[in-house]
file structure.json (JSON, C-alpha atoms (C1' of nucleotides))
[["chain", "number", "residue", "atom", "x", "y", "z"],
["D", 300, "VAL", "CA", 0.74, 24.80, -0.32],
["D", 301, "THR", "CA", 2.90, 21.86, -1.23],
["D", 302, "CYS", "CA", 6.02, 23.80, -0.33],
["D", 303, "SER", "CA", 4.90, 24.28, 3.23],
["D", 304, "LEU", "CA", 3.86, 20.68, 3.35],
["D", 305, "LEU", "CA", 7.42, 19.63, 2.64],
["D", 306, "LEU", "CA", 8.64, 22.08, 5.22],
["D", 307, "ASP", "CA", 6.95, 20.57, 8.18],
["D", 308, "TYR", "CA", 7.36, 17.08, 6.85],
["D", 309, "HIS", "CA", 11.05, 17.55, 7.41],
["D", 310, "SER", "CA", 10.75, 19.25, 10.73],
["D", 311, "LYS", "CA", 8.77, 16.30, 11.98],
["D", 312, "ASN", "CA", 12.07, 14.43, 12.14],
["D", 313, "GLY", "CA", 13.15, 16.79, 14.84],
["D", 314, "ARG", "CA", 10.41, 17.73, 17.21],
["D", 315, "CYS", "CA", 6.75, 18.15, 16.63],
["D", 316, "THR", "CA", 6.76, 21.37, 18.61],
["D", 317, "GLU", "CA", 9.13, 22.71, 16.00],
["D", 318, "ALA", "CA", 6.74, 21.57, 13.34],
["D", 319, "ARG", "CA", 3.97, 23.35, 15.12],
["D", 320, "LYS", "CA", 5.94, 26.57, 14.93],
["D", 321, "ILE", "CA", 5.80, 26.30, 11.19],
["D", 322, "PHE", "CA", 2.26, 25.03, 11.10],
["D", 323, "ASP", "CA", 0.60, 27.82, 13.05],
["D", 324, "PRO", "CA", 1.96, 30.77, 11.03],
["D", 325, "MET", "CA", 1.12, 28.77, 7.96],
["D", 326, "THR", "CA", -2.54, 28.69, 8.81],
["D", 327, "GLN", "CA", -2.47, 32.35, 9.74],
["D", 328, "LYS", "CA", -1.23, 33.20, 6.28],
["D", 329, "GLY", "CA", -4.31, 31.55, 4.95],
["D", 330, "ILE", "CA", -2.55, 28.46, 3.72],
["D", 331, "LYS", "CA", -4.80, 25.50, 4.12],
["D", 332, "PRO", "CA", -3.04, 22.41, 5.43],
["D", 333, "ASP", "CA", -4.40, 19.22, 3.96],
["D", 334, "ALA", "CA", -5.10, 15.88, 5.58],
["D", 335, "THR", "CA", -1.55, 14.72, 5.00],
["D", 336, "THR", "CA", -0.16, 17.70, 6.89],
["D", 337, "TYR", "CA", -2.45, 16.94, 9.78],
["D", 338, "SER", "CA", -1.43, 13.30, 9.70],
["D", 339, "ILE", "CA", 2.18, 14.24, 10.07],
["D", 340, "LEU", "CA", 1.49, 16.48, 13.04],
["D", 341, "LEU", "CA", -0.88, 13.98, 14.58],
["D", 342, "ASN", "CA", 1.72, 11.31, 14.34],
["D", 343, "GLY", "CA", 4.16, 13.54, 16.16],
["D", 344, "CYS", "CA", 1.73, 13.95, 19.04],
["D", 345, "ALA", "CA", 0.82, 10.28, 19.00],
["D", 346, "LYS", "CA", 4.45, 9.20, 19.27],
["D", 347, "LYS", "CA", 4.87, 11.37, 22.33],
["D", 348, "GLY", "CA", 1.75, 9.87, 23.85],
["D", 349, "ASP", "CA", 0.18, 13.32, 23.80],
["D", 350, "LEU", "CA", -3.46, 12.31, 23.48],
["D", 351, "SER", "CA", -4.88, 15.72, 24.23],
["D", 352, "GLY", "CA", -2.69, 17.15, 21.49],
["D", 353, "VAL", "CA", -4.08, 14.51, 19.19],
["D", 354, "ARG", "CA", -7.65, 15.39, 20.08],
["D", 355, "GLY", "CA", -6.94, 19.09, 19.67],
["D", 356, "LEU", "CA", -5.55, 18.61, 16.19],
["D", 357, "LEU", "CA", -8.46, 16.43, 15.21],
["D", 358, "ASP", "CA", -10.90, 19.11, 16.32],
["D", 359, "LEU", "CA", -8.89, 21.70, 14.46],
["D", 360, "MET", "CA", -8.95, 19.80, 11.23],
["D", 361, "VAL", "CA", -12.65, 19.13, 11.48],
["D", 362, "ALA", "CA", -13.21, 22.83, 12.24],
["D", 363, "ASN", "CA", -11.27, 23.67, 9.09],
["D", 364, "GLY", "CA", -13.45, 21.41, 7.06],
["D", 365, "ILE", "CA", -10.82, 18.79, 6.36],
["D", 366, "PRO", "CA", -12.36, 15.34, 6.56],
["D", 367, "PRO", "CA", -10.15, 12.87, 8.45],
["D", 368, "THR", "CA", -8.66, 10.12, 6.33],
["D", 369, "HIS", "CA", -7.82, 6.52, 7.04],
["D", 370, "HIS", "CA", -4.36, 7.59, 8.06],
["D", 371, "VAL", "CA", -5.73, 10.08, 10.55],
["D", 372, "PHE", "CA", -8.08, 7.60, 12.15],
["D", 373, "ASN", "CA", -5.42, 4.94, 12.25],
["D", 374, "ILE", "CA", -2.95, 7.22, 13.95],
["D", 375, "ILE", "CA", -5.52, 8.10, 16.58],
["D", 376, "SER", "CA", -6.53, 4.51, 17.07],
["D", 377, "CYS", "CA", -2.92, 3.52, 17.53],
["D", 378, "ALA", "CA", -2.37, 6.31, 20.03],
["D", 379, "TYR", "CA", -5.26, 5.01, 22.07],
["D", 380, "THR", "CA", -4.02, 1.44, 22.08],
["D", 381, "LYS", "CA", -0.53, 2.54, 23.06],
["D", 382, "GLY", "CA", -2.12, 4.47, 25.91],
["D", 383, "GLY", "CA", -3.93, 1.35, 27.06],
["D", 384, "MET", "CA", -7.31, 2.60, 25.90],
["D", 385, "ILE", "CA", -8.30, -0.16, 23.61],
["D", 386, "ASP", "CA", -12.01, 0.42, 23.98],
["D", 387, "GLU", "CA", -11.55, 3.95, 22.70],
["D", 388, "ALA", "CA", -9.56, 2.55, 19.81],
["D", 389, "MET", "CA", -12.33, 0.12, 18.92],
["D", 390, "HIS", "CA", -14.75, 2.98, 19.00],
["D", 391, "ILE", "CA", -12.77, 4.58, 16.17],
["D", 392, "PHE", "CA", -14.23, 1.94, 13.88],
["D", 393, "ASP", "CA", -17.69, 3.39, 14.44],
["D", 394, "GLN", "CA", -16.44, 6.91, 13.92],
["D", 395, "MET", "CA", -14.83, 5.91, 10.66],
["D", 396, "ARG", "CA", -18.02, 4.36, 9.41],
["D", 397, "GLN", "CA", -19.94, 7.47, 10.40],
["D", 398, "GLN", "CA", -17.61, 9.36, 8.08],
["D", 399, "GLY", "CA", -18.27, 6.86, 5.35],
["D", 400, "LEU", "CA", -14.87, 5.25, 5.65],
["D", 401, "ASN", "CA", -14.43, 1.55, 5.98],
["D", 402, "PRO", "CA", -11.66, 0.44, 8.33],
["D", 403, "ASP", "CA", -8.72, -0.75, 6.26],
["D", 404, "VAL", "CA", -6.02, -3.33, 6.78],
["D", 405, "VAL", "CA", -4.04, -0.98, 8.98],
["D", 406, "SER", "CA", -7.08, -0.17, 11.13],
["D", 407, "TYR", "CA", -7.55, -3.85, 11.78],
["D", 408, "GLY", "CA", -3.83, -4.34, 12.17],
["D", 409, "VAL", "CA", -3.67, -1.81, 14.97],
["D", 410, "LEU", "CA", -6.46, -3.47, 16.93],
["D", 411, "ILE", "CA", -5.28, -7.00, 16.32],
["D", 412, "ASP", "CA", -1.81, -6.11, 17.48],
["D", 413, "ALA", "CA", -3.12, -4.38, 20.59],
["D", 414, "LEU", "CA", -5.36, -7.30, 21.51],
["D", 415, "CYS", "CA", -2.51, -9.72, 21.03],
["D", 416, "LYS", "CA", -0.20, -7.67, 23.21],
["D", 417, "LEU", "CA", -2.85, -7.79, 25.92],
["D", 418, "GLY", "CA", -3.09, -11.54, 25.60],
["D", 419, "ARG", "CA", -6.65, -11.24, 24.29],
["D", 420, "VAL", "CA", -5.78, -13.48, 21.40],
["D", 421, "ASP", "CA", -9.27, -14.92, 20.94],
["D", 422, "GLU", "CA", -10.64, -11.46, 20.31],
["D", 423, "ALA", "CA", -7.77, -10.78, 17.97],
["D", 424, "MET", "CA", -8.59, -13.93, 16.02],
["D", 425, "HIS", "CA", -12.17, -12.79, 15.87],
["D", 426, "LYS", "CA", -11.16, -9.45, 14.38],
["D", 427, "PHE", "CA", -9.00, -11.38, 11.98],
["D", 428, "SER", "CA", -11.88, -13.45, 10.64],
["D", 429, "GLN", "CA", -14.03, -10.35, 10.60],
["D", 430, "MET", "CA", -11.64, -8.55, 8.30],
["D", 431, "ILE", "CA", -11.51, -11.52, 5.98],
["D", 432, "LYS", "CA", -15.29, -11.62, 5.97],
["D", 433, "GLU", "CA", -15.26, -8.01, 4.87],
["D", 434, "GLY", "CA", -13.16, -8.99, 1.92],
["D", 435, "MET", "CA", -9.86, -7.68, 3.15],
["D", 436, "THR", "CA", -6.59, -9.50, 2.76],
["D", 437, "PRO", "CA", -4.55, -9.55, 5.94],
["D", 438, "ASP", "CA", -0.93, -8.70, 5.27],
["D", 439, "VAL", "CA", 2.27, -9.98, 6.78],
["D", 440, "ILE", "CA", 2.06, -7.45, 9.60],
["D", 441, "VAL", "CA", -1.30, -8.77, 10.75],
["D", 442, "PHE", "CA", 0.04, -12.29, 10.64],
["D", 443, "THR", "CA", 3.06, -11.24, 12.64],
["D", 444, "SER", "CA", 0.90, -9.71, 15.34],
["D", 445, "LEU", "CA", -1.18, -12.85, 15.53],
["D", 446, "ALA", "CA", 1.90, -15.03, 15.67],
["D", 447, "TYR", "CA", 3.19, -12.93, 18.55],
["D", 448, "GLY", "CA", -0.07, -13.30, 20.40],
["D", 449, "LEU", "CA", -0.40, -17.02, 19.79],
["D", 450, "CYS", "CA", 3.18, -17.66, 20.87],
["D", 451, "SER", "CA", 2.77, -15.73, 24.04],
["D", 452, "VAL", "CA", -0.26, -17.77, 25.08],
["D", 453, "ASP", "CA", 1.52, -20.99, 24.10],
["D", 454, "LYS", "CA", -0.73, -21.86, 21.18],
["D", 455, "TRP", "CA", 2.14, -23.11, 19.12],
["D", 456, "GLU", "CA", 0.07, -25.36, 16.87],
["D", 457, "GLN", "CA", -1.97, -22.37, 15.85],
["D", 458, "VAL", "CA", 1.18, -20.45, 15.00],
["D", 459, "GLU", "CA", 1.95, -23.17, 12.52],
["D", 460, "GLU", "CA", -1.59, -22.99, 11.18],
["D", 461, "ILE", "CA", -1.47, -19.29, 10.46],
["D", 462, "PHE", "CA", 1.94, -19.74, 8.91],
["D", 463, "TYR", "CA", 0.50, -22.14, 6.36],
["D", 464, "GLU", "CA", -2.59, -20.03, 5.95],
["D", 465, "MET", "CA", -0.34, -17.12, 5.11],
["D", 466, "LEU", "CA", 1.54, -19.12, 2.52],
["D", 467, "ASP", "CA", -1.76, -20.30, 1.05],
["D", 468, "GLN", "CA", -2.81, -16.73, 0.55],
["D", 469, "GLY", "CA", 0.40, -16.01, -1.26],
["D", 470, "ILE", "CA", 1.67, -13.71, 1.45],
["D", 471, "HIS", "CA", 5.38, -13.93, 1.93],
["D", 472, "PRO", "CA", 6.62, -14.11, 5.48],
["D", 473, "ASP", "CA", 9.44, -11.69, 6.16],
["D", 474, "ALA", "CA", 12.31, -11.53, 8.60],
["D", 475, "THR", "CA", 10.20, -9.81, 11.24],
["D", 476, "PHE", "CA", 7.63, -12.57, 11.12],
["D", 477, "PHE", "CA", 10.19, -15.26, 11.75],
["D", 478, "THR", "CA", 12.07, -13.22, 14.30],
["D", 479, "THR", "CA", 8.90, -12.72, 16.29],
["D", 480, "ILE", "CA", 8.44, -16.45, 16.63],
["D", 481, "MET", "CA", 12.10, -17.02, 17.33],
["D", 482, "CYS", "CA", 11.99, -14.49, 20.12],
["D", 483, "ASN", "CA", 9.09, -16.22, 21.80],
["D", 484, "LEU", "CA", 10.82, -19.58, 21.47],
["D", 485, "CYS", "CA", 13.93, -18.14, 23.06],
["D", 486, "ASN", "CA", 11.93, -16.75, 25.94],
["D", 487, "GLU", "CA", 10.73, -20.26, 26.59],
["D", 488, "GLY", "CA", 14.29, -21.49, 26.56],
["D", 489, "ARG", "CA", 13.76, -23.24, 23.23],
["D", 490, "VAL", "CA", 16.82, -21.71, 21.61],
["D", 491, "MET", "CA", 17.60, -24.69, 19.43],
["D", 492, "GLU", "CA", 14.18, -24.56, 17.83],
["D", 493, "ALA", "CA", 14.65, -20.86, 17.27],
["D", 494, "GLN", "CA", 17.96, -21.54, 15.62],
["D", 495, "GLY", "CA", 16.20, -24.08, 13.44],
["D", 496, "LEU", "CA", 13.85, -21.38, 12.26],
["D", 497, "ILE", "CA", 16.82, -19.49, 10.83],
["D", 498, "ASP", "CA", 17.43, -22.46, 8.56],
["D", 499, "LEU", "CA", 13.77, -22.57, 7.61],
["D", 500, "MET", "CA", 13.65, -18.90, 6.75],
["D", 501, "VAL", "CA", 16.73, -19.14, 4.62],
["D", 502, "ARG", "CA", 15.17, -22.11, 2.83],
["D", 503, "VAL", "CA", 12.11, -20.06, 1.96],
["D", 504, "GLY", "CA", 14.25, -17.22, 0.74],
["D", 505, "VAL", "CA", 14.05, -14.83, 3.67],
["D", 506, "ARG", "CA", 17.30, -13.37, 4.91],
["D", 507, "PRO", "CA", 17.74, -13.07, 8.65],
["D", 508, "ASN", "CA", 18.51, -9.52, 9.72],
["D", 509, "VAL", "CA", 20.34, -8.01, 12.65],
["D", 510, "THR", "CA", 17.34, -8.41, 14.94],
["D", 511, "SER", "CA", 17.07, -12.10, 14.09],
["D", 512, "PHE", "CA", 20.61, -12.59, 15.28],
["D", 513, "ASN", "CA", 20.13, -10.39, 18.31],
["D", 514, "VAL", "CA", 17.18, -12.47, 19.40],
["D", 515, "LEU", "CA", 19.14, -15.67, 19.10],
["D", 516, "MET", "CA", 22.12, -14.21, 20.90],
["D", 517, "ASP", "CA", 19.92, -13.16, 23.76],
["D", 518, "GLY", "CA", 18.45, -16.64, 23.87],
["D", 519, "HIS", "CA", 21.88, -18.16, 24.23],
["D", 520, "CYS", "CA", 22.86, -15.59, 26.84],
["D", 521, "LEU", "CA", 19.79, -16.40, 28.90],
["D", 522, "ALA", "CA", 20.67, -20.06, 28.63],
["D", 523, "GLY", "CA", 24.13, -19.23, 29.94],
["D", 524, "ARG", "CA", 25.85, -20.20, 26.72],
["D", 525, "MET", "CA", 27.94, -17.13, 26.12],
["D", 526, "ASP", "CA", 30.29, -18.81, 23.72],
["D", 527, "GLU", "CA", 27.43, -19.75, 21.41],
["D", 528, "ALA", "CA", 26.17, -16.20, 21.60],
["D", 529, "VAL", "CA", 29.54, -14.76, 20.66],
["D", 530, "LYS", "CA", 29.78, -17.19, 17.78],
["D", 531, "LEU", "CA", 26.59, -15.65, 16.44],
["D", 532, "LEU", "CA", 28.15, -12.21, 16.58],
["D", 533, "ASP", "CA", 30.85, -13.44, 14.25],
["D", 534, "GLY", "CA", 28.21, -15.27, 12.26],
["D", 535, "MET", "CA", 26.25, -12.13, 11.57],
["D", 536, "VAL", "CA", 29.35, -10.28, 10.49],
["D", 537, "SER", "CA", 30.27, -13.08, 8.14],
["D", 538, "VAL", "CA", 26.92, -12.80, 6.36],
["D", 539, "GLY", "CA", 27.45, -9.08, 5.94],
["D", 540, "LEU", "CA", 25.32, -7.80, 8.80],
["D", 541, "LYS", "CA", 26.55, -5.06, 11.07],
["D", 542, "PRO", "CA", 26.01, -5.63, 14.80],
["D", 543, "ASP", "CA", 24.16, -2.75, 16.41],
["D", 544, "SER", "CA", 23.95, -1.45, 19.95],
["D", 545, "PHE", "CA", 21.35, -4.11, 20.79],
["D", 546, "SER", "CA", 23.81, -6.81, 19.76],
["D", 547, "TYR", "CA", 26.55, -5.48, 22.01],
["D", 548, "ASN", "CA", 24.28, -4.67, 24.92],
["D", 549, "THR", "CA", 22.93, -8.20, 24.81],
["D", 550, "LEU", "CA", 26.36, -9.75, 24.93],
["D", 551, "LEU", "CA", 27.77, -7.32, 27.47],
["D", 552, "HIS", "CA", 24.84, -7.98, 29.75],
["D", 553, "GLY", "CA", 25.31, -11.69, 29.26],
["D", 554, "TYR", "CA", 29.00, -11.55, 30.15],
["D", 555, "CYS", "CA", 28.37, -9.44, 33.22],
["D", 556, "LYS", "CA", 25.68, -11.76, 34.45],
["D", 557, "ALA", "CA", 28.03, -14.68, 33.96],
["D", 558, "GLY", "CA", 30.68, -12.85, 35.96],
["D", 559, "ARG", "CA", 33.01, -12.67, 32.97],
["D", 560, "ILE", "CA", 33.91, -9.05, 33.39],
["D", 561, "ASP", "CA", 37.19, -9.34, 31.53],
["D", 562, "ASP", "CA", 35.47, -10.70, 28.47],
["D", 563, "ALA", "CA", 32.89, -7.96, 28.75],
["D", 564, "PHE", "CA", 35.62, -5.38, 28.78],
["D", 565, "ILE", "CA", 37.35, -6.83, 25.75],
["D", 566, "LEU", "CA", 34.06, -6.82, 23.89],
["D", 567, "PHE", "CA", 33.36, -3.31, 25.03],
["D", 568, "ARG", "CA", 36.62, -2.11, 23.53],
["D", 569, "GLU", "CA", 35.82, -3.95, 20.34],
["D", 570, "MET", "CA", 32.50, -2.19, 20.27],
["D", 571, "LEU", "CA", 34.15, 1.21, 20.63],
["D", 572, "SER", "CA", 36.57, 0.48, 17.84],
["D", 573, "ASN", "CA", 33.66, -0.29, 15.52],
["D", 574, "GLU", "CA", 31.08, 2.17, 14.45],
["D", 575, "VAL", "CA", 27.99, 1.05, 16.25],
["D", 576, "THR", "CA", 24.59, 2.45, 15.51],
["K", 206, "G", "C1'", -8.36, 12.23, -20.32],
["K", 207, "C", "C1'", -6.48, 7.15, -18.61],
["K", 208, "A", "C1'", -3.10, 4.30, -15.83],
["K", 209, "A", "C1'", 0.87, 3.93, -12.53],
["K", 210, "G", "C1'", 4.16, 5.60, -8.85],
["K", 211, "C", "C1'", 5.52, 8.85, -4.52],
["K", 212, "C", "C1'", 4.49, 11.17, 0.39],
["K", 213, "C", "C1'", 1.51, 10.59, 6.20],
["K", 214, "U", "C1'", -0.69, 5.35, 9.74],
["K", 215, "G", "C1'", 0.00, -0.75, 12.17],
["K", 216, "G", "C1'", 4.33, -5.78, 13.47],
["K", 217, "A", "C1'", 10.07, -8.31, 16.11],
["K", 218, "U", "C1'", 15.26, -8.06, 19.83],
["K", 219, "C", "C1'", 19.00, -5.87, 24.86],
["K", 220, "G", "C1'", 19.67, -2.39, 28.74],
["K", 221, "C", "C1'", 17.51, 1.81, 31.51]]
call {"tool": "encode", "arguments": {"input": "structure.json", "output": "C-alpha cells"}}
result
Amino acid sequence: VTCSLLLDYHSKNGRCTEARKIFDPMTQKGIKPDATTYSILLNGCAKKGDLSGVRGLLDLMVANGIPPTHHVFNIISCAYTKGGMIDEAMHIFDQMRQQGLNPDVVSYGVLIDALCKLGRVDEAMHKFSQMIKEGMTPDVIVFTSLAYGLCSVDKWEQVEEIFYEMLDQGIHPDATFFTTIMCNLCNEGRVMEAQGLIDLMVRVGVRPNVTSFNVLMDGHCLAGRMDEAVKLLDGMVSVGLKPDSFSYNTLLHGYCKAGRIDDAFILFREMLSNEVT
RNA sequence: GCAAGCCCUGGAUCGC
C-alpha cells in the first residue's frame, strides 16, 4: 500500500492524468488508497481548476469509506475560492463540522486570503477574530493575507497594527510578509518606503529574497528610474541571490517601455549568458 | 507502549 502511495506521489509532479493511470489499476487490484493518496490526486485536479474532477474524487473516497481529512477539505475549499465560488468554500466549514472536524488554521487561511483578494477585508478580519476566539493561533501566512488585503484597501495604519500584533504573539514575519507590503507600496508609487522596509526586515533578522528585489525593481521601473532598478539587480547578486526570469522580464519590460532598446538587448544577452530559472 | 519527526492543503513579484 505504501509503495503505491509513493508511486503516484511522484507522478503528481508530472500530470495528474498520469497519476490517475496508476491510481485506477491500483484500486482494481484491491489496494485501498488512503486519505493522503486522495489528497494528492485532489490537489492535482484543484490546481487545474477541475472542480468536477475534485467532486468526483470526493464522492469516490466517501464511497470507499475513507473519511475526508482536513487536507482534503482544505484543498476543496481552496479550489472553490480560486474558482470564484467563495460561498461554496465557506460552506465547507459546515461540512467539516458535520464530519466532526474543526476547521484548522489552513481552513481559515484559505478563506481569509480569498476574502482579502476580493477586497472584502472586513469579513476577513471577522474570520480572523473568529479563529482567535476558537483558540487558534494565526500563523504568518494568515497575517500576510491580511496585510495584503489591508494594503490594497489603503488601510495602512492597520497594516502596522497587525504587524505589531504578530510580533506580540511571537510570530516571526518572513520575507513573503514584508515583500507583500513592499509590493503594495510600490504599486502606489511609494518605492522609497518600500526600500525602507528592506532595511527594517534586515534589522529584524529577515533576509530579503529574490522576490523582494524583484518587487522593488518593478517599482523603480514603473517610476521610470531604470538605473535604480538595474542597481538592484547588481545588489541582489552581491548578496548572493540569483536573479530569475521575473527579474529579467521586469527590467527588459522597463527598458522597452523607456525606449531604451539597446540597453534591453545588452541585458537580454547577459540573461542568456547566465543560467536563468 | 510513550514521545518526536516525515509525507498531502493556504500567503508575495514581471510578461502573456
call {"tool": "residues_around", "arguments": {"input": "structure.json", "residues": "region 487-493 of chain D", "least_positions_apart": "3", "cutoff": "7 Å", "atoms": "only C-alpha atoms (C1' of nucleotides)", "output": "PDB file with C-alpha atoms, in the frame of the given file"}}
result
ATOM      1  CA  MET D 481      12.100 -17.020  17.330  1.00  0.00           C
ATOM      2  CA  ASN D 483       9.090 -16.220  21.800  1.00  0.00           C
ATOM      3  CA  LEU D 484      10.820 -19.580  21.470  1.00  0.00           C
ATOM      4  CA  LEU D 496      13.850 -21.380  12.260  1.00  0.00           C
ATOM      5  CA  ILE D 497      16.820 -19.490  10.830  1.00  0.00           C
ATOM      6  CA  LEU D 515      19.140 -15.670  19.100  1.00  0.00           C
ATOM      7  CA  GLY D 518      18.450 -16.640  23.870  1.00  0.00           C
ATOM      8  CA  HIS D 519      21.880 -18.160  24.230  1.00  0.00           C
ATOM      9  CA  ALA D 522      20.670 -20.060  28.630  1.00  0.00           C
TER      10      ALA D 522
END
call {"tool": "interface_residues", "arguments": {"input": "structure.json", "of": "chain D", "to": "chain K", "cutoff": "6 Å", "atoms": "only C-alpha atoms (C1' of nucleotides)", "output": "ChimeraX atom specification"}}
result
/D:335,338-339,370,373-374,405,408-409,440,443-444,475,478-479,510,513-514,545,548-549
call {"tool": "atom_distance", "arguments": {"input": "structure.json", "atom1": "CA of Met395 (chain D)", "atom2": "CA of Tyr407 (chain D)"}}
result
12.2 Å
call {"tool": "atom_distance", "arguments": {"input": "structure.json", "atom1": "CA of Pro507 (chain D)", "atom2": "CA of Pro542 (chain D)"}}
result
12.7 Å
call {"tool": "atom_distance", "arguments": {"input": "structure.json", "atom1": "CA of Cys315 (chain D)", "atom2": "CA of Leu350 (chain D)"}}
result
13.6 Å
call {"tool": "residues_around", "arguments": {"input": "structure.json", "residues": "Gly399 (chain D)", "least_positions_apart": "6", "cutoff": "12 Å", "atoms": "all atoms listed in the file", "output": "PyMOL selection string"}}
result
chain D and resi 366-369+392-393
call {"tool": "axis_aligned_box", "arguments": {"input": "structure.json", "around": "chain K", "padding_each_side": "3 Å", "output": "AutoDock Vina command-line options"}}
result
--center_x 5.7 --center_y 2.0 --center_z 5.6 --size_x 34.0 --size_y 26.5 --size_z 57.8
call {"tool": "residues_near_point", "arguments": {"input": "structure.json", "point": "(3.6, -12.2, 18.2)", "cutoff": "12 Å", "atoms": "only C-alpha atoms (C1' of nucleotides)", "output": "PyMOL selection string"}}
result
(chain D and resi 411-420+423+439-455+457-458+461+475-484) or (chain K and resi 216-217)
call {"tool": "build_atoms", "arguments": {"input": "structure.json", "residues": "region 341-358 of chain D", "atoms": "N, CA, C and O atoms", "output": "compact mmCIF listing (two decimals), in the coordinates of the input"}}
result
# COMPACT_ATOMS: atom_id res chain seq x y z
N LEU D 341 -0.21 14.92 13.68
CA LEU D 341 -0.88 13.98 14.58
C LEU D 341 0.07 12.86 15.00
O LEU D 341 0.12 12.47 16.17
N ASN D 342 0.80 12.39 14.04
CA ASN D 342 1.72 11.31 14.34
C ASN D 342 2.78 11.75 15.33
O ASN D 342 3.18 10.99 16.20
N GLY D 343 3.21 13.00 15.20
CA GLY D 343 4.16 13.54 16.16
C GLY D 343 3.61 13.52 17.57
O GLY D 343 4.27 13.06 18.50
N CYS D 344 2.38 13.97 17.72
CA CYS D 344 1.73 13.95 19.04
C CYS D 344 1.56 12.52 19.53
O CYS D 344 1.82 12.20 20.69
N ALA D 345 1.11 11.66 18.63
CA ALA D 345 0.82 10.28 19.00
C ALA D 345 2.07 9.59 19.52
O ALA D 345 2.03 8.86 20.50
N LYS D 346 3.20 9.85 18.86
CA LYS D 346 4.45 9.20 19.27
C LYS D 346 4.87 9.64 20.66
O LYS D 346 5.50 8.90 21.39
N LYS D 347 4.53 10.89 20.99
CA LYS D 347 4.87 11.37 22.33
C LYS D 347 3.87 10.88 23.38
O LYS D 347 4.06 11.10 24.56
N GLY D 348 2.79 10.28 22.92
CA GLY D 348 1.75 9.87 23.85
C GLY D 348 0.89 11.04 24.27
O GLY D 348 0.20 10.98 25.30
N ASP D 349 0.93 12.10 23.48
CA ASP D 349 0.18 13.32 23.80
C ASP D 349 -1.25 13.22 23.23
O ASP D 349 -1.55 13.73 22.17
N LEU D 350 -2.12 12.56 24.00
CA LEU D 350 -3.46 12.31 23.48
C LEU D 350 -4.30 13.57 23.39
O LEU D 350 -5.14 13.70 22.49
N SER D 351 -4.07 14.50 24.30
CA SER D 351 -4.88 15.72 24.23
C SER D 351 -4.45 16.55 23.02
O SER D 351 -5.28 17.19 22.37
N GLY D 352 -3.16 16.50 22.71
CA GLY D 352 -2.69 17.15 21.49
C GLY D 352 -3.33 16.54 20.27
O GLY D 352 -3.72 17.24 19.32
N VAL D 353 -3.45 15.22 20.28
CA VAL D 353 -4.08 14.51 19.19
C VAL D 353 -5.53 14.97 19.02
O VAL D 353 -5.97 15.30 17.92
N ARG D 354 -6.24 15.00 20.15
CA ARG D 354 -7.65 15.39 20.08
C ARG D 354 -7.80 16.83 19.59
O ARG D 354 -8.69 17.14 18.80
N GLY D 355 -6.89 17.70 20.07
CA GLY D 355 -6.94 19.09 19.67
C GLY D 355 -6.77 19.25 18.16
O GLY D 355 -7.50 19.99 17.51
N LEU D 356 -5.80 18.52 17.63
CA LEU D 356 -5.55 18.61 16.19
C LEU D 356 -6.73 18.07 15.38
O LEU D 356 -7.08 18.61 14.34
N LEU D 357 -7.31 17.00 15.91
CA LEU D 357 -8.46 16.43 15.21
C LEU D 357 -9.60 17.44 15.16
O LEU D 357 -10.20 17.66 14.09
N ASP D 358 -9.86 18.09 16.29
CA ASP D 358 -10.90 19.11 16.32
C ASP D 358 -10.59 20.23 15.33
O ASP D 358 -11.46 20.70 14.61
